[in-house]
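Trainee: I'm passing along target_33.cif; it holds mmCIF, N, CA and C atoms.
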data_coords
loop_
_atom_site.label_atom_id
_atom_site.label_comp_id
_atom_site.auth_asym_id
_atom_site.auth_seq_id
_atom_site.Cartn_x
_atom_site.Cartn_y
_atom_site.Cartn_z
N GLN R 1 -4.30 9.41 6.18
CA GLN R 1 -3.38 8.47 5.54
C GLN R 1 -2.58 7.73 6.60
N VAL R 2 -2.25 6.50 6.31
CA VAL R 2 -1.51 5.65 7.24
C VAL R 2 -0.28 5.12 6.53
N GLN R 3 0.83 5.13 7.23
CA GLN R 3 2.05 4.51 6.73
C GLN R 3 2.48 3.43 7.71
N LEU R 4 2.89 2.30 7.14
CA LEU R 4 3.38 1.17 7.94
C LEU R 4 4.80 0.86 7.52
N ALA R 5 5.68 0.67 8.50
CA ALA R 5 7.08 0.40 8.20
C ALA R 5 7.58 -0.74 9.06
N GLU R 6 7.89 -1.88 8.45
CA GLU R 6 8.37 -3.04 9.17
C GLU R 6 9.87 -2.97 9.40
N SER R 7 10.32 -3.61 10.46
CA SER R 7 11.74 -3.74 10.75
C SER R 7 11.94 -4.98 11.61
N GLY R 8 13.21 -5.36 11.79
CA GLY R 8 13.53 -6.47 12.68
C GLY R 8 13.83 -7.78 12.01
N GLY R 9 13.69 -7.83 10.69
CA GLY R 9 14.00 -9.07 10.00
C GLY R 9 15.49 -9.35 10.01
N GLY R 10 15.86 -10.55 9.62
CA GLY R 10 17.26 -10.90 9.57
C GLY R 10 17.43 -12.39 9.34
N SER R 11 18.65 -12.86 9.56
CA SER R 11 18.97 -14.27 9.37
C SER R 11 19.29 -14.90 10.71
N VAL R 12 18.65 -16.02 10.99
CA VAL R 12 18.89 -16.75 12.23
C VAL R 12 18.94 -18.23 11.94
N GLN R 13 19.48 -18.97 12.89
CA GLN R 13 19.47 -20.42 12.77
C GLN R 13 18.17 -20.97 13.35
N ALA R 14 17.83 -22.15 12.92
CA ALA R 14 16.63 -22.81 13.42
C ALA R 14 16.68 -22.89 14.94
N GLY R 15 15.54 -22.61 15.56
CA GLY R 15 15.47 -22.59 17.01
C GLY R 15 15.67 -21.22 17.60
N GLY R 16 16.12 -20.27 16.78
CA GLY R 16 16.36 -18.92 17.25
C GLY R 16 15.10 -18.08 17.31
N SER R 17 15.28 -16.82 17.66
CA SER R 17 14.17 -15.90 17.82
C SER R 17 14.44 -14.59 17.10
N LEU R 18 13.36 -13.95 16.69
CA LEU R 18 13.41 -12.60 16.13
C LEU R 18 12.17 -11.85 16.60
N ARG R 19 12.28 -10.54 16.69
CA ARG R 19 11.12 -9.71 17.00
C ARG R 19 10.94 -8.70 15.90
N LEU R 20 9.85 -8.83 15.17
CA LEU R 20 9.53 -7.88 14.13
C LEU R 20 8.72 -6.72 14.71
N ALA R 21 8.91 -5.55 14.14
CA ALA R 21 8.14 -4.38 14.55
C ALA R 21 7.54 -3.71 13.32
N CYS R 22 6.38 -3.14 13.48
CA CYS R 22 5.73 -2.39 12.41
C CYS R 22 5.34 -1.04 12.99
N ALA R 23 6.05 0.00 12.57
CA ALA R 23 5.78 1.34 13.05
C ALA R 23 4.62 1.95 12.27
N VAL R 24 3.65 2.46 13.01
CA VAL R 24 2.47 3.06 12.40
C VAL R 24 2.57 4.58 12.50
N SER R 25 2.42 5.25 11.40
CA SER R 25 2.40 6.71 11.41
C SER R 25 1.19 7.20 10.62
N GLY R 26 0.78 8.43 10.92
CA GLY R 26 -0.40 8.96 10.27
C GLY R 26 -1.61 8.77 11.15
N ASN R 27 -2.73 8.46 10.56
CA ASN R 27 -3.98 8.32 11.28
C ASN R 27 -4.10 6.94 11.92
N THR R 28 -3.69 6.83 13.18
CA THR R 28 -3.72 5.53 13.84
C THR R 28 -5.14 5.06 14.10
N GLN R 29 -6.14 5.94 13.95
CA GLN R 29 -7.53 5.52 14.08
C GLN R 29 -7.92 4.58 12.95
N SER R 30 -7.11 4.53 11.91
CA SER R 30 -7.39 3.67 10.77
C SER R 30 -6.75 2.30 10.89
N THR R 31 -6.30 1.95 12.09
CA THR R 31 -5.56 0.69 12.24
C THR R 31 -6.14 -0.18 13.35
N ALA R 32 -7.46 -0.20 13.48
CA ALA R 32 -8.09 -1.01 14.53
C ALA R 32 -7.78 -2.49 14.37
N TYR R 33 -7.79 -2.94 13.13
CA TYR R 33 -7.47 -4.34 12.83
C TYR R 33 -6.07 -4.39 12.22
N MET R 34 -5.20 -5.16 12.84
CA MET R 34 -3.83 -5.25 12.33
C MET R 34 -3.42 -6.71 12.24
N ALA R 35 -2.53 -6.98 11.30
CA ALA R 35 -2.13 -8.36 11.07
C ALA R 35 -0.73 -8.44 10.49
N TRP R 36 -0.14 -9.60 10.64
CA TRP R 36 1.11 -9.95 9.98
C TRP R 36 0.81 -11.00 8.93
N PHE R 37 1.36 -10.81 7.75
CA PHE R 37 1.30 -11.79 6.68
C PHE R 37 2.73 -12.13 6.28
N ARG R 38 2.89 -13.22 5.56
CA ARG R 38 4.21 -13.56 5.04
C ARG R 38 4.06 -14.21 3.67
N GLN R 39 5.13 -14.07 2.91
CA GLN R 39 5.14 -14.68 1.58
C GLN R 39 6.51 -15.27 1.32
N ALA R 40 6.54 -16.58 1.16
CA ALA R 40 7.77 -17.29 0.83
C ALA R 40 7.91 -17.33 -0.68
N PRO R 41 9.13 -17.49 -1.19
CA PRO R 41 9.35 -17.54 -2.63
C PRO R 41 8.49 -18.62 -3.29
N GLY R 42 7.77 -18.23 -4.33
CA GLY R 42 6.97 -19.18 -5.06
C GLY R 42 5.66 -19.57 -4.40
N LYS R 43 5.34 -18.93 -3.29
CA LYS R 43 4.11 -19.27 -2.57
C LYS R 43 3.21 -18.04 -2.45
N ASP R 44 1.95 -18.31 -2.16
CA ASP R 44 1.01 -17.22 -1.94
C ASP R 44 1.26 -16.57 -0.58
N ARG R 45 0.86 -15.31 -0.48
CA ARG R 45 0.95 -14.63 0.80
C ARG R 45 -0.06 -15.26 1.76
N GLU R 46 0.34 -15.47 3.00
CA GLU R 46 -0.53 -16.12 3.97
C GLU R 46 -0.56 -15.34 5.28
N GLY R 47 -1.67 -15.46 5.97
CA GLY R 47 -1.79 -14.80 7.25
C GLY R 47 -1.00 -15.51 8.32
N VAL R 48 -0.35 -14.75 9.18
CA VAL R 48 0.45 -15.29 10.27
C VAL R 48 -0.26 -15.07 11.61
N ALA R 49 -0.68 -13.83 11.87
CA ALA R 49 -1.35 -13.49 13.12
C ALA R 49 -2.07 -12.17 12.95
N ALA R 50 -3.07 -11.96 13.79
CA ALA R 50 -3.84 -10.72 13.73
C ALA R 50 -4.26 -10.30 15.13
N ILE R 51 -4.57 -9.01 15.28
CA ILE R 51 -4.94 -8.50 16.59
C ILE R 51 -5.98 -7.40 16.45
N TYR R 52 -6.87 -7.32 17.45
CA TYR R 52 -7.86 -6.25 17.52
C TYR R 52 -8.05 -5.89 18.98
N GLY R 53 -8.04 -4.63 19.29
CA GLY R 53 -8.31 -4.19 20.65
C GLY R 53 -7.32 -4.71 21.67
N TYR R 54 -6.08 -4.84 21.29
CA TYR R 54 -4.97 -5.27 22.15
C TYR R 54 -5.02 -6.74 22.55
N LYS R 55 -6.22 -7.29 22.75
CA LYS R 55 -6.30 -8.63 23.35
C LYS R 55 -6.86 -9.71 22.44
N LEU R 56 -7.68 -9.37 21.49
CA LEU R 56 -8.25 -10.37 20.60
C LEU R 56 -7.20 -10.72 19.56
N THR R 57 -6.72 -11.94 19.59
CA THR R 57 -5.66 -12.34 18.69
C THR R 57 -6.00 -13.65 17.99
N TYR R 58 -5.45 -13.80 16.80
CA TYR R 58 -5.61 -15.03 16.03
C TYR R 58 -4.25 -15.40 15.47
N TYR R 59 -4.04 -16.70 15.31
CA TYR R 59 -2.78 -17.20 14.78
C TYR R 59 -3.04 -18.30 13.76
N ALA R 60 -2.14 -18.36 12.78
CA ALA R 60 -2.14 -19.51 11.88
C ALA R 60 -1.69 -20.73 12.68
N ASP R 61 -2.23 -21.88 12.33
CA ASP R 61 -1.87 -23.11 13.06
C ASP R 61 -0.36 -23.36 13.02
N SER R 62 0.28 -22.97 11.94
CA SER R 62 1.70 -23.25 11.76
C SER R 62 2.59 -22.45 12.71
N VAL R 63 2.06 -21.38 13.30
CA VAL R 63 2.89 -20.55 14.18
C VAL R 63 2.36 -20.51 15.61
N LYS R 64 1.21 -21.11 15.84
CA LYS R 64 0.61 -21.09 17.17
C LYS R 64 1.58 -21.65 18.19
N ASP R 65 1.65 -21.01 19.34
CA ASP R 65 2.52 -21.39 20.45
C ASP R 65 3.99 -21.05 20.20
N ARG R 66 4.32 -20.48 19.04
CA ARG R 66 5.69 -20.05 18.77
C ARG R 66 5.78 -18.54 18.56
N PHE R 67 4.75 -17.97 17.96
CA PHE R 67 4.73 -16.54 17.66
C PHE R 67 3.72 -15.83 18.56
N THR R 68 4.01 -14.57 18.87
CA THR R 68 3.08 -13.75 19.66
C THR R 68 2.95 -12.39 19.02
N ILE R 69 1.72 -11.98 18.76
CA ILE R 69 1.43 -10.66 18.21
C ILE R 69 1.02 -9.74 19.35
N SER R 70 1.47 -8.49 19.28
CA SER R 70 1.12 -7.53 20.33
C SER R 70 1.23 -6.10 19.78
N GLN R 71 0.70 -5.17 20.56
CA GLN R 71 0.79 -3.74 20.21
C GLN R 71 1.24 -2.97 21.43
N ASP R 72 1.85 -1.81 21.22
CA ASP R 72 2.12 -0.95 22.37
C ASP R 72 0.84 -0.19 22.72
N ASN R 73 0.84 0.46 23.86
CA ASN R 73 -0.38 1.10 24.37
C ASN R 73 -0.92 2.17 23.45
N ALA R 74 -0.06 2.83 22.74
CA ALA R 74 -0.50 3.91 21.85
C ALA R 74 -0.89 3.39 20.48
N LYS R 75 -0.79 2.07 20.29
CA LYS R 75 -1.06 1.44 18.99
C LYS R 75 -0.18 2.03 17.90
N SER R 76 0.99 2.53 18.29
CA SER R 76 1.86 3.10 17.28
C SER R 76 2.84 2.08 16.73
N THR R 77 2.92 0.92 17.40
CA THR R 77 3.82 -0.12 16.93
C THR R 77 3.16 -1.48 17.12
N LEU R 78 3.22 -2.27 16.08
CA LEU R 78 2.76 -3.66 16.11
C LEU R 78 4.00 -4.55 16.16
N TYR R 79 3.94 -5.59 16.98
CA TYR R 79 5.08 -6.48 17.13
C TYR R 79 4.71 -7.91 16.75
N LEU R 80 5.72 -8.66 16.38
CA LEU R 80 5.57 -10.10 16.20
C LEU R 80 6.81 -10.75 16.81
N GLN R 81 6.64 -11.35 17.97
CA GLN R 81 7.73 -12.09 18.60
C GLN R 81 7.72 -13.50 18.04
N MET R 82 8.83 -13.89 17.44
CA MET R 82 8.91 -15.19 16.79
C MET R 82 9.97 -16.03 17.50
N ASN R 83 9.54 -17.10 18.13
CA ASN R 83 10.44 -18.02 18.83
C ASN R 83 10.45 -19.37 18.14
N SER R 84 11.44 -20.17 18.47
CA SER R 84 11.56 -21.52 17.91
C SER R 84 11.41 -21.50 16.40
N LEU R 85 12.12 -20.62 15.76
CA LEU R 85 11.98 -20.45 14.32
C LEU R 85 12.42 -21.70 13.57
N LYS R 86 11.74 -21.94 12.47
CA LYS R 86 12.00 -23.10 11.61
C LYS R 86 12.37 -22.61 10.21
N PRO R 87 13.07 -23.43 9.45
CA PRO R 87 13.39 -23.01 8.07
C PRO R 87 12.15 -22.64 7.26
N GLU R 88 11.04 -23.30 7.52
CA GLU R 88 9.81 -23.00 6.78
C GLU R 88 9.19 -21.66 7.15
N ASP R 89 9.75 -20.99 8.14
CA ASP R 89 9.30 -19.63 8.47
C ASP R 89 9.98 -18.58 7.60
N THR R 90 10.94 -19.01 6.79
CA THR R 90 11.63 -18.09 5.89
C THR R 90 10.65 -17.47 4.92
N ALA R 91 10.61 -16.14 4.89
CA ALA R 91 9.65 -15.42 4.05
C ALA R 91 9.86 -13.93 4.21
N MET R 92 9.18 -13.17 3.34
CA MET R 92 9.05 -11.74 3.55
C MET R 92 7.83 -11.53 4.43
N TYR R 93 7.98 -10.78 5.48
CA TYR R 93 6.89 -10.54 6.41
C TYR R 93 6.35 -9.13 6.25
N TYR R 94 5.04 -9.03 6.16
CA TYR R 94 4.37 -7.75 5.94
C TYR R 94 3.38 -7.48 7.07
N CYS R 95 3.26 -6.22 7.48
CA CYS R 95 2.15 -5.87 8.36
C CYS R 95 1.06 -5.19 7.55
N ALA R 96 -0.15 -5.37 8.00
CA ALA R 96 -1.32 -4.83 7.32
C ALA R 96 -2.27 -4.24 8.35
N ALA R 97 -3.06 -3.27 7.92
CA ALA R 97 -3.97 -2.61 8.85
C ALA R 97 -5.22 -2.12 8.13
N ASP R 98 -6.29 -2.03 8.90
CA ASP R 98 -7.55 -1.49 8.38
C ASP R 98 -8.42 -1.13 9.57
N SER R 99 -9.43 -0.32 9.33
CA SER R 99 -10.32 0.09 10.42
C SER R 99 -11.77 -0.27 10.15
N ARG R 100 -12.05 -0.74 8.96
CA ARG R 100 -13.44 -1.01 8.61
C ARG R 100 -13.96 -2.26 9.28
N SER R 101 -15.17 -2.23 9.76
CA SER R 101 -15.70 -3.32 10.58
C SER R 101 -15.83 -4.62 9.81
N PHE R 102 -15.90 -4.56 8.48
CA PHE R 102 -16.09 -5.80 7.71
C PHE R 102 -14.78 -6.48 7.34
N VAL R 103 -13.64 -5.90 7.78
CA VAL R 103 -12.36 -6.42 7.29
C VAL R 103 -12.14 -7.88 7.70
N TRP R 104 -12.71 -8.30 8.82
CA TRP R 104 -12.57 -9.69 9.24
C TRP R 104 -13.82 -10.52 8.92
N GLN R 105 -14.69 -10.01 8.09
CA GLN R 105 -15.95 -10.69 7.82
C GLN R 105 -15.73 -12.08 7.22
N ALA R 106 -14.69 -12.20 6.39
CA ALA R 106 -14.38 -13.49 5.77
C ALA R 106 -13.19 -14.15 6.44
N GLY R 107 -12.88 -13.68 7.67
CA GLY R 107 -11.74 -14.27 8.36
C GLY R 107 -10.60 -13.29 8.43
N TRP R 108 -9.81 -13.36 9.49
CA TRP R 108 -8.75 -12.39 9.73
C TRP R 108 -7.64 -12.47 8.70
N ALA R 109 -7.50 -13.61 8.04
CA ALA R 109 -6.40 -13.82 7.11
C ALA R 109 -6.78 -13.52 5.66
N ASP R 110 -7.91 -12.87 5.48
CA ASP R 110 -8.32 -12.49 4.12
C ASP R 110 -7.56 -11.23 3.72
N MET R 111 -6.42 -11.40 3.07
CA MET R 111 -5.52 -10.28 2.81
C MET R 111 -6.14 -9.22 1.92
N GLY R 112 -7.10 -9.60 1.10
CA GLY R 112 -7.72 -8.64 0.20
C GLY R 112 -8.51 -7.55 0.88
N ARG R 113 -8.82 -7.78 2.16
CA ARG R 113 -9.64 -6.81 2.88
C ARG R 113 -8.83 -5.68 3.49
N TYR R 114 -7.52 -5.88 3.68
CA TYR R 114 -6.70 -4.88 4.36
C TYR R 114 -6.28 -3.81 3.36
N ILE R 115 -6.47 -2.56 3.72
CA ILE R 115 -6.18 -1.48 2.79
C ILE R 115 -4.77 -0.93 2.94
N HIS R 116 -4.19 -1.04 4.13
CA HIS R 116 -2.86 -0.47 4.37
C HIS R 116 -1.83 -1.58 4.52
N TRP R 117 -0.71 -1.43 3.83
CA TRP R 117 0.36 -2.44 3.85
C TRP R 117 1.72 -1.78 3.97
N GLY R 118 2.63 -2.47 4.65
CA GLY R 118 4.01 -2.04 4.68
C GLY R 118 4.78 -2.65 3.53
N GLN R 119 6.08 -2.33 3.47
CA GLN R 119 6.92 -2.82 2.38
C GLN R 119 7.53 -4.18 2.66
N GLY R 120 7.50 -4.59 3.91
CA GLY R 120 7.99 -5.92 4.25
C GLY R 120 9.38 -5.92 4.84
N THR R 121 9.66 -6.97 5.60
CA THR R 121 10.99 -7.21 6.15
C THR R 121 11.27 -8.70 6.01
N HIS R 122 12.50 -9.04 5.61
CA HIS R 122 12.79 -10.42 5.26
C HIS R 122 13.34 -11.21 6.45
N VAL R 123 12.82 -12.41 6.60
CA VAL R 123 13.28 -13.33 7.63
C VAL R 123 13.82 -14.58 6.96
N SER R 124 15.03 -14.95 7.33
CA SER R 124 15.65 -16.16 6.78
C SER R 124 16.09 -17.04 7.93
N VAL R 125 15.63 -18.29 7.91
CA VAL R 125 15.96 -19.25 8.97
C VAL R 125 16.71 -20.41 8.34
N SER R 126 17.91 -20.63 8.81
CA SER R 126 18.74 -21.71 8.27
C SER R 126 18.70 -22.91 9.19
N SER R 127 18.85 -24.09 8.59
CA SER R 127 18.79 -25.33 9.38
C SER R 127 20.15 -25.70 9.94
#
Spit out the file's structure as structure tokens when you get a sec.
Mentor:
Amino acid sequence: QVQLAESGGGSVQAGGSLRLACAVSGNTQSTAYMAWFRQAPGKDREGVAAIYGYKLTYYADSVKDRFTISQDNAKSTLYLQMNSLKPEDTAMYYCAADSRSFVWQAGWADMGRYIHWGQGTHVSVSS
């Protein structure tokens, strides 16, 4: 079993930075593929960034060059460094994980493929 717990959300002004963390507990072998998703009020959940094997990373166009996804060496924590935040980044942010090889078969942002999810942490960016 795997548990994911996000932290680091908060309220910032536009242009500010936040670092989200997702603590992984349980069977970390089940978290080869990890990702951050977000859901703004009234909108569908969308992929933000994903990582595999520490170095293979993907980003949504809307956050490219502003956000950075990373993991610690033990893969016990997933991070999302968010810089140059914009009001449109306001959302609940979730981390997701899976170990099955087909999870990215339809693309890294296919949220239906990820079996493990955290409860989310809220990010609010004011203008």
Trainee: Taking a cut-off of 10 Å and counting only C-alpha atoms, can you build a table that, for each residue of stretch 69-97 of chain R near stretch 27-45 of chain R, reports the nearest atom pair and how far apart they are in Å (one decimal), sorted by chain then residue number, as a Markdown table?
Mentor:
| residue | atom | partner | partner_atom | distance |
| --- | --- | --- | --- | --- |
| R:Ile69 | CA | R:Trp36 | CA | 8.3 |
| R:Ser70 | CA | R:Met34 | CA | 9.7 |
| R:Gln71 | CA | R:Met34 | CA | 9.3 |
| R:Ala74 | CA | R:Thr28 | CA | 8.8 |
| R:Lys75 | CA | R:Thr28 | CA | 7.1 |
| R:Ser76 | CA | R:Thr28 | CA | 7.0 |
| R:Thr77 | CA | R:Thr28 | CA | 9.9 |
| R:Leu78 | CA | R:Met34 | CA | 7.8 |
| R:Tyr79 | CA | R:Trp36 | CA | 8.9 |
| R:Leu80 | CA | R:Trp36 | CA | 7.7 |
| R:Glu88 | CA | R:Ala40 | CA | 8.5 |
| R:Asp89 | CA | R:Ala40 | CA | 8.1 |
| R:Thr90 | CA | R:Ala40 | CA | 6.4 |
| R:Ala91 | CA | R:Ala40 | CA | 4.2 |
| R:Met92 | CA | R:Gln39 | CA | 5.3 |
| R:Tyr93 | CA | R:Arg38 | CA | 4.3 |
| R:Tyr94 | CA | R:Phe37 | CA | 5.1 |
| R:Cys95 | CA | R:Trp36 | CA | 4.5 |
| R:Ala96 | CA | R:Ala35 | CA | 5.2 |
| R:Ala97 | CA | R:Met34 | CA | 4.4 |
Trainee: Suppose you want the space between atom C of R:Tyr54 and atom CA of R:Gly16; what is it in Å?
Mentor: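 Interatomic distance, atom C of R:Tyr54 to atom CA of R:Gly16: 25.2 Å.
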Trainee: DSSP on the backbone, then: every residue of stretch 7-109 of chain R marked strand (DSSP E or B), written as a PyMOL selection string.
Mentor: chain R and resi 7+10-13+18-26+33-39+46-52+56-59+67-71+77-82+91-98
Trainee: What lies within 7 Å of R:Ser126 using only N, CA and C atoms, ignoring chain neighbours under 5 positions off, as a PyMOL selection string?
Mentor: chain R and resi 11-14+86-87
Trainee: Show me, as a PyMOL selection string, the residues that have an atom within 5 Å of stretch 56-68 of chain R when counting only N, CA and C atoms, minus same-chain residues fewer than 5 positions from it.
Mentor: chain R and resi 48-51+80-83
Trainee: Of the residues R:Gly107, R:Gly9, R:Gly15, R:Gly112, which is the one nearest to R:Ser84, using only C-alpha atoms?
Mentor: R:Gly15
Trainee: When you draw a straight line from atom C of R:Arg19 to atom C of R:Gly53, how long is it in Å?
Mentor: 19.6 Å
Trainee: Record the distance separating atom N of R:Ser101 and atom N of R:Gln119, expressed in Å with one decimal.
Mentor: 22.2 Å
Trainee: Ranking R:Asn73, R:Val2, R:Asp98, R:Leu20 by minimum distance to R:Met111 and counting only C-alpha atoms, which one comes first?
Mentor: R:Asp98
Trainee: Could you check which of R:Leu18, R:Leu85, R:Ile115, R:Val123 is closest to R:Ser99, using all atoms listed in the file?
Mentor: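 Of R:Leu18, R:Leu85, R:Ile115, R:Val123, the one nearest R:Ser99 is R:Ile115, counting all atoms listed in the file.
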Trainee: Between R:Thr121, R:Gln1, R:Ser127, R:Ser7, which is the closest to R:Cys22 once you count only N, CA and C atoms?
Mentor: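 Among R:Thr121, R:Gln1, R:Ser127, R:Ser7, it is R:Ser7 that comes nearest to R:Cys22.
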Trainee: On this structure, which residues satisfy the PyMOL selection byres ((chain R and resi 118) around 5), written as a PDB file with N, CA and C atoms, in the frame of the given file?
Mentor:
ATOM      1  N   LEU R   4       2.890   2.300   7.140  1.00  0.00           N
ATOM      2  CA  LEU R   4       3.380   1.170   7.940  1.00  0.00           C
ATOM      3  C   LEU R   4       4.800   0.860   7.520  1.00  0.00           C
ATOM      4  N   ALA R   5       5.680   0.670   8.500  1.00  0.00           N
ATOM      5  CA  ALA R   5       7.080   0.400   8.200  1.00  0.00           C
ATOM      6  C   ALA R   5       7.580  -0.740   9.060  1.00  0.00           C
ATOM      7  N   CYS R  95       3.260  -6.220   7.480  1.00  0.00           N
ATOM      8  CA  CYS R  95       2.150  -5.870   8.360  1.00  0.00           C
ATOM      9  C   CYS R  95       1.060  -5.190   7.550  1.00  0.00           C
ATOM     10  N   HIS R 116      -4.190  -1.040   4.130  1.00  0.00           N
ATOM     11  CA  HIS R 116      -2.860  -0.470   4.370  1.00  0.00           C
ATOM     12  C   HIS R 116      -1.830  -1.580   4.520  1.00  0.00           C
ATOM     13  N   TRP R 117      -0.710  -1.430   3.830  1.00  0.00           N
ATOM     14  CA  TRP R 117       0.360  -2.440   3.850  1.00  0.00           C
ATOM     15  C   TRP R 117       1.720  -1.780   3.970  1.00  0.00           C
ATOM     16  N   GLN R 119       6.080  -2.330   3.470  1.00  0.00           N
ATOM     17  CA  GLN R 119       6.920  -2.820   2.380  1.00  0.00           C
ATOM     18  C   GLN R 119       7.530  -4.180   2.660  1.00  0.00           C
ATOM     19  N   GLY R 120       7.500  -4.590   3.910  1.00  0.00           N
ATOM     20  CA  GLY R 120       7.990  -5.920   4.250  1.00  0.00           C
ATOM     21  C   GLY R 120       9.380  -5.920   4.840  1.00  0.00           C
TER      22      GLY R 120
END
